[in-house]
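K.L.:
Please see the structure below; I have some questions.
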Amino acid sequence: MAALFPFPRAGFGERKLSGSFMLTSELTRQELSDQVSRVRSDVQRQESTTPYVSAADGSISGIEGASGGQAEYGKTLSRLEFYYLMVKNQILRFQHESLGLYVTDNATAKDGHVRDMIYANSAVWALSRAYKRIDDDAGRGNELGQCAVKCMRGILFCWMSQADQLERFKNDQIPAFALHSRFEVQHGDPIPCTAYPYPHLQIDVVALYLLYLTQMTESGLKIIFTMEEVHMVQNLVFYLERAYRIPDFGMWERGDKYNTGSPELHASSIGMAKVALESINGFNLFGEHGASWSVIYADVDAHNRNRTTLETMLPRESSTKNTDASLIPTLSYPCFAVHKPIVFRATMDKMQRKLLGKYGFKRFLRDGYGTAIEGKARRFYQPSEVKLFDSIECEWPVFFVYLIIDGVFHGDTEQVQNFQKLLEPLLKESFEGDVVIPRYYYVPEEMIEAERLNPGSQDRLSSNEDPDGEGDIFIWGQALFIISQLLVEGLISPSELDPLRRYQPATQRPSRKSRYSSFSSSIPSDLAVQVALISESARLQALLATYGVQTQTPHQIEPIHIWSPNNLTEVYSRLGQEDQLGLSGRPKRPFGPLSTSKIYRVGGETAVCYPLFFEITDFYLSYDQSMLMDYIRNGTAFVASRWKLHGRPTMVCLIREEMVRGPQAGDMLKLLASFRAGEVNGIRVRTGLLQNFLASSCVEHLDFVVDLTTVKRGSFEEITDSTTNFRSLMDITRPSTRSSLSEQNFNEYNDRNVHEVIDALNHTDSLRGQGQLLSILLRKHGENFVVDSVNNTTVKMRMETLIRQCANLKKWEIVRYCSGMLQKVVASLAPSITGMLVRGKEVRLGVFGHEEAIIDKPVTPSQVKNLVYSTCYHYHPSAAVLQQELLISIGTFMETQPHIFDGMLKIRMGWIVRALSFYIKHTAMDPTESKDDYIYSLSPSDVQDLLLEVLTLPPLTRSDIGPSLGHPKLSPLQRRQVDGSLNRVPRKFYDSFWNILHRCPKGIKVADQLIPQDPTITEMTLYELNFALRVDALLDRITHPEYRQIVVELIMVVNTVLERNPELYFADVLDTDAFVHSAFERFLKDYKRKETKPSRTYEIELFYDQPVSVTGTYVAGAVVDLLLHQDVDYTGVGSANLDASAEPSDSDSCVIS
C-alpha cells in the first residue's frame, strides 16, 4: 500500500508529497500551498482572514498573496474536489435524510451521539467555508453549508421535544432530568433505557452545541428561524449557567474513573460551559441583522463562577482523575477556554507527561475502555477492578489531531510537524481506499503482562475501523482529521474556522459592536469602579455632607429607579418564557455583584440594582456594621478584579440611618471618606452623580420585557420625616436598651394554651422571653400564625422585627436563635461550598458529637438548607445559622488565603465550632466567656475574626516546649485540642500513611477500625483524593480532638522510623491505640520516677500536655521496641523504595542500631 499521508520530516519547504491519500503529486506541500495562495488571492480577498505564520521561517501558508494562472486554480479545485469526495464518503453518507442527524453508532446503524454529530458537522461546515473562498464553487459551498444547518436544527429539534426535561432540570440538576445526548437519527426519539440508565448528563455536549451554533451563525449561516427556537436556546444557556456545581458523566460518559455510575465535577465540562456562555452572551441568533428580541443573555456572575472554578481545578480534571485527555479540546480547539500561559502550559504538560504514548493519548489513567480484558457485557466495574488496567490503557490517536490543529492555530510549526510524524504510522486504509483514523490502539491480551512490566514496550493493535467496507468509522476522529489537513494545506485559515476568534487572547479579538452587554476584548488594568452613594433620607444626606461625603437621595436620581436584587430576579423571570414548550423562563435565583453593577434599560425605564448584602430582608449579617463594611470593601474589590464587560461597573451603595449609629459610626464615615478620596483598599473608585455615570457604564437592554407593568417590582423608597435635620451624629436616635434588661425564662409556657402564650408575649419586655414565646407559637402553629389580629401581624413578621431590634442592641444570641427558628439561609451558600469542593475539600454539617451530613458533591441551595437544618435544628437552632456564617467566611478565606487550609481535607463545621469554643475558653479573661454557648453571643464580625485567628495559629512543632512558644496563651494540650478540632494534619501526612501501609501487610488499625493493605494500595494511588478521604474516615472515628492529634503525630513518627530503617516492616497489624498506650506507660514510668510524691492518679491528659519533642520520643521508643521484639522476616523488605527525608544523627531515636 502506498504511503497514506505525506507527513513532514523537515521544514515545510523540504517535504515531498509521495502520496496524499488517494492523490499523487510531485509538488511539495509548500509549493502547492503557494500556488493556491496566488490563485485564491485574486479570486477573493477576505479582510477577516488571519494568515498562518510558520514558526520556522516566517513564511505565510495561506491562500492570499499574488496573482496566479488557470493551472494553479485547477490544482486548487482538485484539492477541494478531493476533500469534497472524502467528506461525502466518510461523513455525509452517515447523515440521515429526515432530520440531518448523523449515525455515529455504526453497529446499530440507527443511533447517534450528539457530540460525534457536532464534530462530524464541523468538518462539513469547515469545507463549506473553504469553498466560499473561491468564485466558482459549483454550488458546493452552499450545499455543504445547508447540510451543516440541517444537522444543527435536527439536534435542536430533538432537545425541543424534551422541553419538559429541561424545565425540571432547571430546578433540580440531577441525571434523571438531563437532556439526552444520544438519539435515534430518523425521528429524533430518545434511546430506550436498557438495564442501566444511559449517562445523558454531559454538560460538555450542550456547551459544544452552543459554541458551534454561535460560530456557524457568525459565519453567515441561518440556523435559528423562530422565536420558539430562540427561547429554547436561551433555556439551554440556563442549563449551563450552573455547570460549576453540576456533577456530570463527562466526555467519556463514565463519571468517576472507577466507572461505578457516579457523576463528578469535570474541569473539561465546566470549561466548555464557560466558553459557551462567553460566546453566546449578547449574541443575536438571527444574525447581524436580527431583531432585538432574538438576543441571548447569559448571567455574568454564573460565567465568573464557572471561570474561577475551572482555574481552581486545573490542572486536575476531577477529584478521581489527576488529569484527562478531555482537557485538550477544552483548552485548545475548539474551545480555547484558557489564555493564561502558566495555567495552559501546566495542564498540557501534565497531560503529555502522564498520558502521551506512541499510539496517542490515554483518556485517563487506569481507563479500561477498549482493553482486551474489559468485560464487554458489564456496564460498570467492580470497585477494585481499575487496578487491572494500569499501564495497559488504550491510546487514542485523535488527540494527535487536536494538537496538529492547535499548532496551526498558534503558528507552532514544530508542534505541527511533531504530531504529524506521530500520526503517520497510525493511519489505516479503508476497504474503499480512504485514509481512516482508528478510534484507539489496544494491547493484545497475550502481551498484557509484558506491557505491565515494561510500559510502552509492546506493539498495539488498532480498533479495526472499517475492516470490510461496512462503514464502521470513528466519525468524530475522521472529521477532526479532515479539518486538520484543510488547515495544514492552507485551504482554510484559523479565523475562518473560528469566526469568534476564540483562539486569540481577549485583548486581540475584534470588538463586537452591540447595544447589549458583551465580554470586552480589553479591560484596563486600572479599571475604576463607579460608586453611587444613596442616602436613605434628606436629613442623613445633610448630615453626611457636613463630613464631606456627597450623596444623593432616591428622589434626586429620578427618573432612575433603584431595584432590589429580588426585583431584578422578577424581571429576568420573563427571559426565555415559552408557553408552547412549557418553559417558564429564568429560574428565580439571586444575582451576584457583577450583575448588580450594570445599568438596566427596560420598558422605557432606567434602573440600577443594589447588591444583595444591602437587602435588609435577607440574612442578618448585614445588620453587623463591621460585616457590612467588609462586604462593601470586598464587593468593590471583587467587581474590579472580575469585571470582563464593556463599560465601567457601577455599584450602588445604600446608606441607612442605622449605619451611622453606635460606636462604629466613625469607621463607616472613614469608609465613605475613602470613596470620596478615590481609593478603597487599593481599588480605584469614582463617586459622583448617578446621572453622570450613565454614559460610561455598562448598560444592559432588557428588550425581552414587552410590558413592564406586568412585572411585580418595587423601588427603594426615600424616608420622609418632618423632624429637624441632624446637626451631628449625636442627634441620631440611639436604640433603647431598657427592654433587654429582663432575662425571665418562659420555657414553662410550652404546656400553656395559645391565648396565655400570646398574652405573655404582649406583656413582656424581655427580648429573650419574646424569642422563646414566639418559638413556642412557631413550633405549634407555624410562622404564618397571626399574633396580632388588629395589625394582621404573623409570628414570622414579629420575629423579623425582633431580629432587627436585637441586632441594633447587639443581642446576637437572640438574633441567631430567632433566625434559626425561621430557618433562614444566607445567600451564596451553595457557591461557597462548591468553591471548597473544587479545592479538594469535603464539607460536613452537624453539631459536634452528633451525626454529620456529608457534602462531597455540589448541592443546590435547597439541599444545603435541608442538610444544615436536619443536622443542627433539633440540637441547637442557633448552630444552623452560625455554621452558615462560618461557611461563608471559610469560602472567602479559601479564595483569598488558601494556604491557611493546608492539611485540612475536611471542613467539619461542628468540629470547627468546637475549635473556636476551645480557643475562647483557653484565652478567656472573663469567666463568663468560658461557657460553651458564649460564641453565639459574639457578633458575626467577631466570629469571622476569631475564625481567622484560629486558622492562622502557627503549627505545634518540636521546638514548642510550653505556652511561651508557639502561642503565648495555649499549652500543648490546648493546642492539640484546637488543631484536632480543625482536623488539620501535617504536610505529607497522607504520604506517610501510604508508606507505612506498604510496610504493614496486615493493615493499620485506628480506633478499632482497620484499613487493609490490600485492596487499598491496589485499587488506589497515593495521589488520589479518595485515598486521603479513606484515611480521614479512620481518624473521624476518634471523638477526642487531642487524642486525634496524638494519633496524627504517631503516624509521622512511625514513618520516620521506617524511612530510616528501610529493611523493617510490621509483621502484625499496626494498632495506633496500642502504641499510644505503650508510649503513655513509658512516659508515666519516667514521670513517676522524677516526681517526689507520686501518690496521685495520673490521667492521660498529662501525656497530651507534653511538647511534641517529648511525646515523639516516647512514641518512637514504643515503635522501636515493637519492631525489635516482633518475629520479622527481612526477606524482600527492601523493595519498598522509600526515600528518607533527612540524614539521621547518632542520637536519633528513630534509628534502630
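Residues in the C-alpha cells are numbered from 1 in each chain, the chains being A, B, ... in the order shown, and ligands are numbered from 1 in the order shown.
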I need the residues of segment 307-455 of chain A that end up classed as strand (DSSP E or B) by DSSP on the backbone, written out as a list in words.

P.N.:
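After running DSSP on the backbone, segment 307-455 of chain A has strand (DSSP E or B) at Leu356, Gly357, Gly360, Phe361, Lys362, Glu395, Trp396, Lys428, Glu429, Val435, Val436, Tyr441 and Tyr442 of chain A.
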
K.L.:
Find the residues around Phe704 of chain A up to 10 Å (only C-alpha atoms counted), leave out those fewer than 4 positions away in its own chain, and share them as a ChimeraX atom specification.

P.N.:
/A:292-297,571-572,574-577,602-603

K.L.:
Applying 10 Å and only C-alpha atoms, which residues near Tyr402 of chain A remain after dropping the ones on its own chain fewer than 5 positions away? List them as a short mmCIF file (atom, residue, chain, number, x, y, z; two decimals) with N, CA, C and O atoms, in the first residue's frame.

P.N.:
```cif
data_model
loop_
_atom_site.label_atom_id
_atom_site.label_comp_id
_atom_site.auth_asym_id
_atom_site.auth_seq_id
_atom_site.Cartn_x
_atom_site.Cartn_y
_atom_site.Cartn_z
N ILE A 328 -7.88 18.54 26.49
CA ILE A 328 -7.26 19.06 25.27
C ILE A 328 -8.25 19.85 24.43
O ILE A 328 -7.98 21.00 24.07
N PRO A 329 -9.44 19.31 24.07
CA PRO A 329 -10.40 20.15 23.33
C PRO A 329 -10.96 21.30 24.15
O PRO A 329 -11.50 22.25 23.58
N SER A 332 -7.71 23.75 24.04
CA SER A 332 -7.30 24.03 22.67
C SER A 332 -8.55 24.06 21.79
O SER A 332 -9.64 24.37 22.27
N TYR A 333 -8.37 23.75 20.50
CA TYR A 333 -9.52 23.73 19.60
C TYR A 333 -10.51 22.67 20.07
O TYR A 333 -10.11 21.57 20.44
N PRO A 334 -11.82 22.96 20.07
CA PRO A 334 -12.48 24.15 19.55
C PRO A 334 -12.80 25.23 20.57
O PRO A 334 -13.34 26.26 20.21
N PRO A 397 -5.39 8.06 18.93
CA PRO A 397 -4.66 8.96 18.00
C PRO A 397 -5.37 10.28 17.75
O PRO A 397 -4.72 11.24 17.30
N GLY A 407 -1.49 23.47 16.83
CA GLY A 407 -0.25 24.04 16.32
C GLY A 407 -0.48 25.02 15.18
O GLY A 407 0.19 26.06 15.09
N PHE A 419 3.62 16.16 15.65
CA PHE A 419 2.44 15.30 15.79
C PHE A 419 1.99 14.73 14.45
O PHE A 419 1.35 13.68 14.41
N GLY A 477 -13.26 11.33 15.11
CA GLY A 477 -11.86 11.48 14.76
C GLY A 477 -11.66 11.76 13.28
O GLY A 477 -10.77 12.54 12.90
N LEU A 480 -12.27 15.49 12.56
CA LEU A 480 -11.17 16.33 13.01
C LEU A 480 -9.93 16.15 12.13
O LEU A 480 -9.18 17.10 11.88
N PHE A 481 -9.73 14.93 11.65
CA PHE A 481 -8.60 14.68 10.76
C PHE A 481 -8.73 15.50 9.47
O PHE A 481 -7.76 16.10 9.00
N ILE A 483 -10.41 18.30 9.11
CA ILE A 483 -10.20 19.72 9.46
C ILE A 483 -8.71 20.02 9.59
O ILE A 483 -8.22 21.06 9.12
N SER A 484 -7.98 19.11 10.23
CA SER A 484 -6.55 19.36 10.44
C SER A 484 -5.81 19.47 9.11
O SER A 484 -4.93 20.33 8.96
#
```

K.L.:
I'd like the contact shell of segment 590-601 of chain A - 9 Å cut-off, only C-alpha atoms, skipping same-chain residues fewer than 3 positions apart - returned as a PyMOL selection string.

P.N.:
chain A and resi 299-302+304+517+530+565-566+568-569+604-612+635-636+638-639+642-643+647-652+694+697-703+827-828

K.L.:
Keeping only C-alpha atoms, write the selected residues as a CSV table (one decimal), in the first residue's frame.

P.N.:
```
chain,number,residue,atom,x,y,z
A,299,ASP,CA,-25.6,35.6,33.7
A,300,VAL,CA,-22.2,37.2,34.1
A,301,ASP,CA,-21.9,36.0,37.7
A,302,ALA,CA,-22.6,32.4,36.6
A,304,ASN,CA,-17.5,34.2,36.6
A,517,SER,CA,-23.6,43.8,27.2
A,530,GLN,CA,-18.1,53.9,39.8
A,565,PRO,CA,-31.9,42.1,43.6
A,566,ASN,CA,-35.3,40.4,44.1
A,568,LEU,CA,-34.2,42.2,39.1
A,569,THR,CA,-34.8,38.5,39.5
A,604,GLY,CA,-38.7,52.8,28.6
A,605,GLU,CA,-37.3,53.0,32.2
A,606,THR,CA,-33.8,53.1,33.5
A,607,ALA,CA,-32.9,51.2,36.7
A,608,VAL,CA,-30.0,50.4,38.9
A,609,CYS,CA,-29.8,47.5,41.3
A,610,TYR,CA,-28.0,47.5,44.7
A,611,PRO,CA,-26.0,44.4,45.8
A,612,LEU,CA,-27.6,41.7,47.8
A,635,GLY,CA,-17.5,43.7,46.9
A,636,THR,CA,-15.7,46.6,45.4
A,638,PHE,CA,-14.4,41.6,43.6
A,639,VAL,CA,-16.1,43.7,40.9
A,642,ARG,CA,-13.6,40.1,37.9
A,643,TRP,CA,-15.2,42.7,35.5
A,647,GLY,CA,-18.2,49.8,30.1
A,648,ARG,CA,-17.4,50.5,33.7
A,649,PRO,CA,-19.1,48.8,36.6
A,650,THR,CA,-21.5,51.0,38.6
A,651,MET,CA,-22.1,49.9,42.2
A,652,VAL,CA,-25.0,51.4,44.2
A,694,LEU,CA,-24.7,56.6,32.6
A,697,SER,CA,-21.4,52.5,32.5
A,698,CYS,CA,-22.2,49.0,31.2
A,699,VAL,CA,-25.8,49.3,30.0
A,700,GLU,CA,-28.0,46.2,29.6
A,701,HIS,CA,-31.1,46.5,27.4
A,702,LEU,CA,-33.7,44.0,28.5
A,703,ASP,CA,-35.7,44.0,25.3
A,827,ALA,CA,-27.2,33.9,50.0
A,828,SER,CA,-24.3,32.4,48.0
```

K.L.:
As a PyMOL selection string, please: every residue in segment 650-709 of chain A that a backbone DSSP assignment puts in helix (DSSP H, G or I).

P.N.:
chain A and resi 657-660+665-677+690-696+708-709

K.L.:
Between atom CA of His200 of chain A and atom CA of Arg254 of chain A, what is the distance in Å, rounded to a tenth?

P.N.:
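Between atom CA of His200 of chain A and atom CA of Arg254 of chain A the gap is 10.2 Å.
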
K.L.:
In Å, how far is it from atom CA of Lys1088 of chain A to atom CA of Gln974 of chain A?

P.N.:
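Pair atom CA of Lys1088 of chain A / atom CA of Gln974 of chain A returns 23.1 Å.
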
K.L.:
Can you pull out every residue within 8 Å of segment 1111-1115 of chain A, counting only C-alpha atoms, but drop anything in the same chain fewer than 6 positions away, and send it as a list in words?

P.N.:
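Final neighbour list, sorted by chain and number: Glu1049, Leu1050, Val1053, Phe1075, Val1076, Ser1078, Ala1079, Phe1080, Arg1082, Phe1083, Phe1103, Tyr1104 and Ser1149 of chain A.
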
K.L.:
Nearest to Leu211 of chain A: which of A:Trp159, A:Ala760, A:Arg366, A:Leu500 is it, counting only C-alpha atoms?

P.N.:
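Counting only C-alpha atoms, the residue closest to Leu211 of chain A is A:Leu500.
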
K.L.:
Which residue out of A:Trp563, A:Phe613, A:Tyr441, A:Phe283 has the minimum interatomic distance to Ser514 of chain A when only C-alpha atoms are used?

P.N.:
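Of the candidates, the smallest distance to Ser514 of chain A is held by A:Phe283.
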
K.L.:
May I have the residues within 9 Å of Leu156 of chain A as a VMD selection string, using only C-alpha atoms and disregarding those fewer than 3 positions away in the same chain?

P.N.:
chain A and resid 151 to 153 159 to 161 229 232 to 233

K.L.:
When you look at Val87 of chain A with a cut-off of 12 Å (counting only C-alpha atoms), what residues show up, excluding the ones that are within fewer than 5 positions of it in the same chain? I need them as a VMD selection string.

P.N.:
chain A and resid 80 to 82 92 to 95 120 to 128 140 144 147 434 to 435 475 478 to 483 486

K.L.:
How would the residues just chosen look if you wrote them out with C-alpha atoms as a tab-separated table (two decimals), in the first residue's frame?

P.N.:
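Listing of selection.tsv after writing:
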```tsv
chain	number	residue	atom	x	y	z
A	80	LEU	CA	-11.11	20.80	-2.78
A	81	GLU	CA	-12.67	18.13	-5.01
A	82	PHE	CA	-10.63	15.52	-3.16
A	92	LEU	CA	-22.22	12.83	4.81
A	93	ARG	CA	-23.13	9.28	3.92
A	94	PHE	CA	-23.94	8.80	7.59
A	95	GLN	CA	-26.30	11.81	7.68
A	120	ALA	CA	-18.86	15.47	12.09
A	121	ASN	CA	-20.88	18.54	11.23
A	122	SER	CA	-17.89	20.80	11.93
A	123	ALA	CA	-15.93	19.12	9.12
A	124	VAL	CA	-18.80	19.70	6.69
A	125	TRP	CA	-19.01	23.35	7.76
A	126	ALA	CA	-15.24	23.79	7.54
A	127	LEU	CA	-15.17	22.54	3.95
A	128	SER	CA	-18.08	24.84	3.07
A	140	ARG	CA	-20.86	23.02	-3.25
A	144	LEU	CA	-22.29	21.78	2.47
A	147	CYS	CA	-26.09	20.15	5.35
A	434	ASP	CA	-9.66	6.07	2.00
A	435	VAL	CA	-7.49	7.08	4.91
A	475	ILE	CA	-16.65	9.74	12.65
A	478	GLN	CA	-12.34	11.35	10.98
A	479	ALA	CA	-13.97	14.79	10.97
A	480	LEU	CA	-11.17	16.33	13.01
A	481	PHE	CA	-8.60	14.68	10.76
A	482	ILE	CA	-10.15	16.34	7.71
A	483	ILE	CA	-10.20	19.72	9.46
A	486	LEU	CA	-7.54	21.57	5.50
```

K.L.:
Expressed in Å to a single decimal, how great is the separation between atom CA of Pro263 of chain A and atom CA of Gln202 of chain A?

P.N.:
9.6 Å

K.L.:
Could you make a table, as JSON lines, of the residues of segment 473-591 of chain A that have an atom within 8 Å of an atom of segment 103-118 of chain A, each with its nearest atom pair and distance in Å to one decimal, counting only C-alpha atoms, in chain and number order?

P.N.:
```
{"residue": "A:Ile473", "atom": "CA", "partner": "A:Asn106", "partner_atom": "CA", "distance": 7.3}
{"residue": "A:Phe474", "atom": "CA", "partner": "A:Thr104", "partner_atom": "CA", "distance": 7.6}
{"residue": "A:Ile475", "atom": "CA", "partner": "A:Thr104", "partner_atom": "CA", "distance": 6.5}
{"residue": "A:Trp476", "atom": "CA", "partner": "A:Asp116", "partner_atom": "CA", "distance": 5.0}
```

K.L.:
Could you save the residues just selected, with N, CA and C atoms, as a compact mmCIF listing (two decimals), in the first residue's frame?

P.N.:
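Saved file again.txt follows:
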```txt
# COMPACT_ATOMS: atom_id res chain seq x y z
N ILE A 473 -16.81 3.56 10.99
CA ILE A 473 -15.82 4.63 11.01
C ILE A 473 -15.96 5.44 12.28
N PHE A 474 -14.84 5.82 12.86
CA PHE A 474 -14.83 6.71 14.03
C PHE A 474 -15.04 8.12 13.50
N ILE A 475 -16.30 8.53 13.38
CA ILE A 475 -16.65 9.74 12.65
C ILE A 475 -16.14 11.00 13.35
N TRP A 476 -16.08 10.99 14.66
CA TRP A 476 -15.53 12.12 15.43
C TRP A 476 -14.07 12.38 15.02
```

K.L.:
I need the residue nearest Val847 of chain A from this list: A:Val338, A:Val401, A:Tyr875, A:Tyr119. Use only C-alpha atoms for the distance.

P.N.:
A:Tyr875

K.L.:
Which of these residues is nearest to Gly846 of chain A, using only C-alpha atoms: A:Leu690, A:Val859, A:Ala879, A:Leu99?

P.N.:
A:Ala879
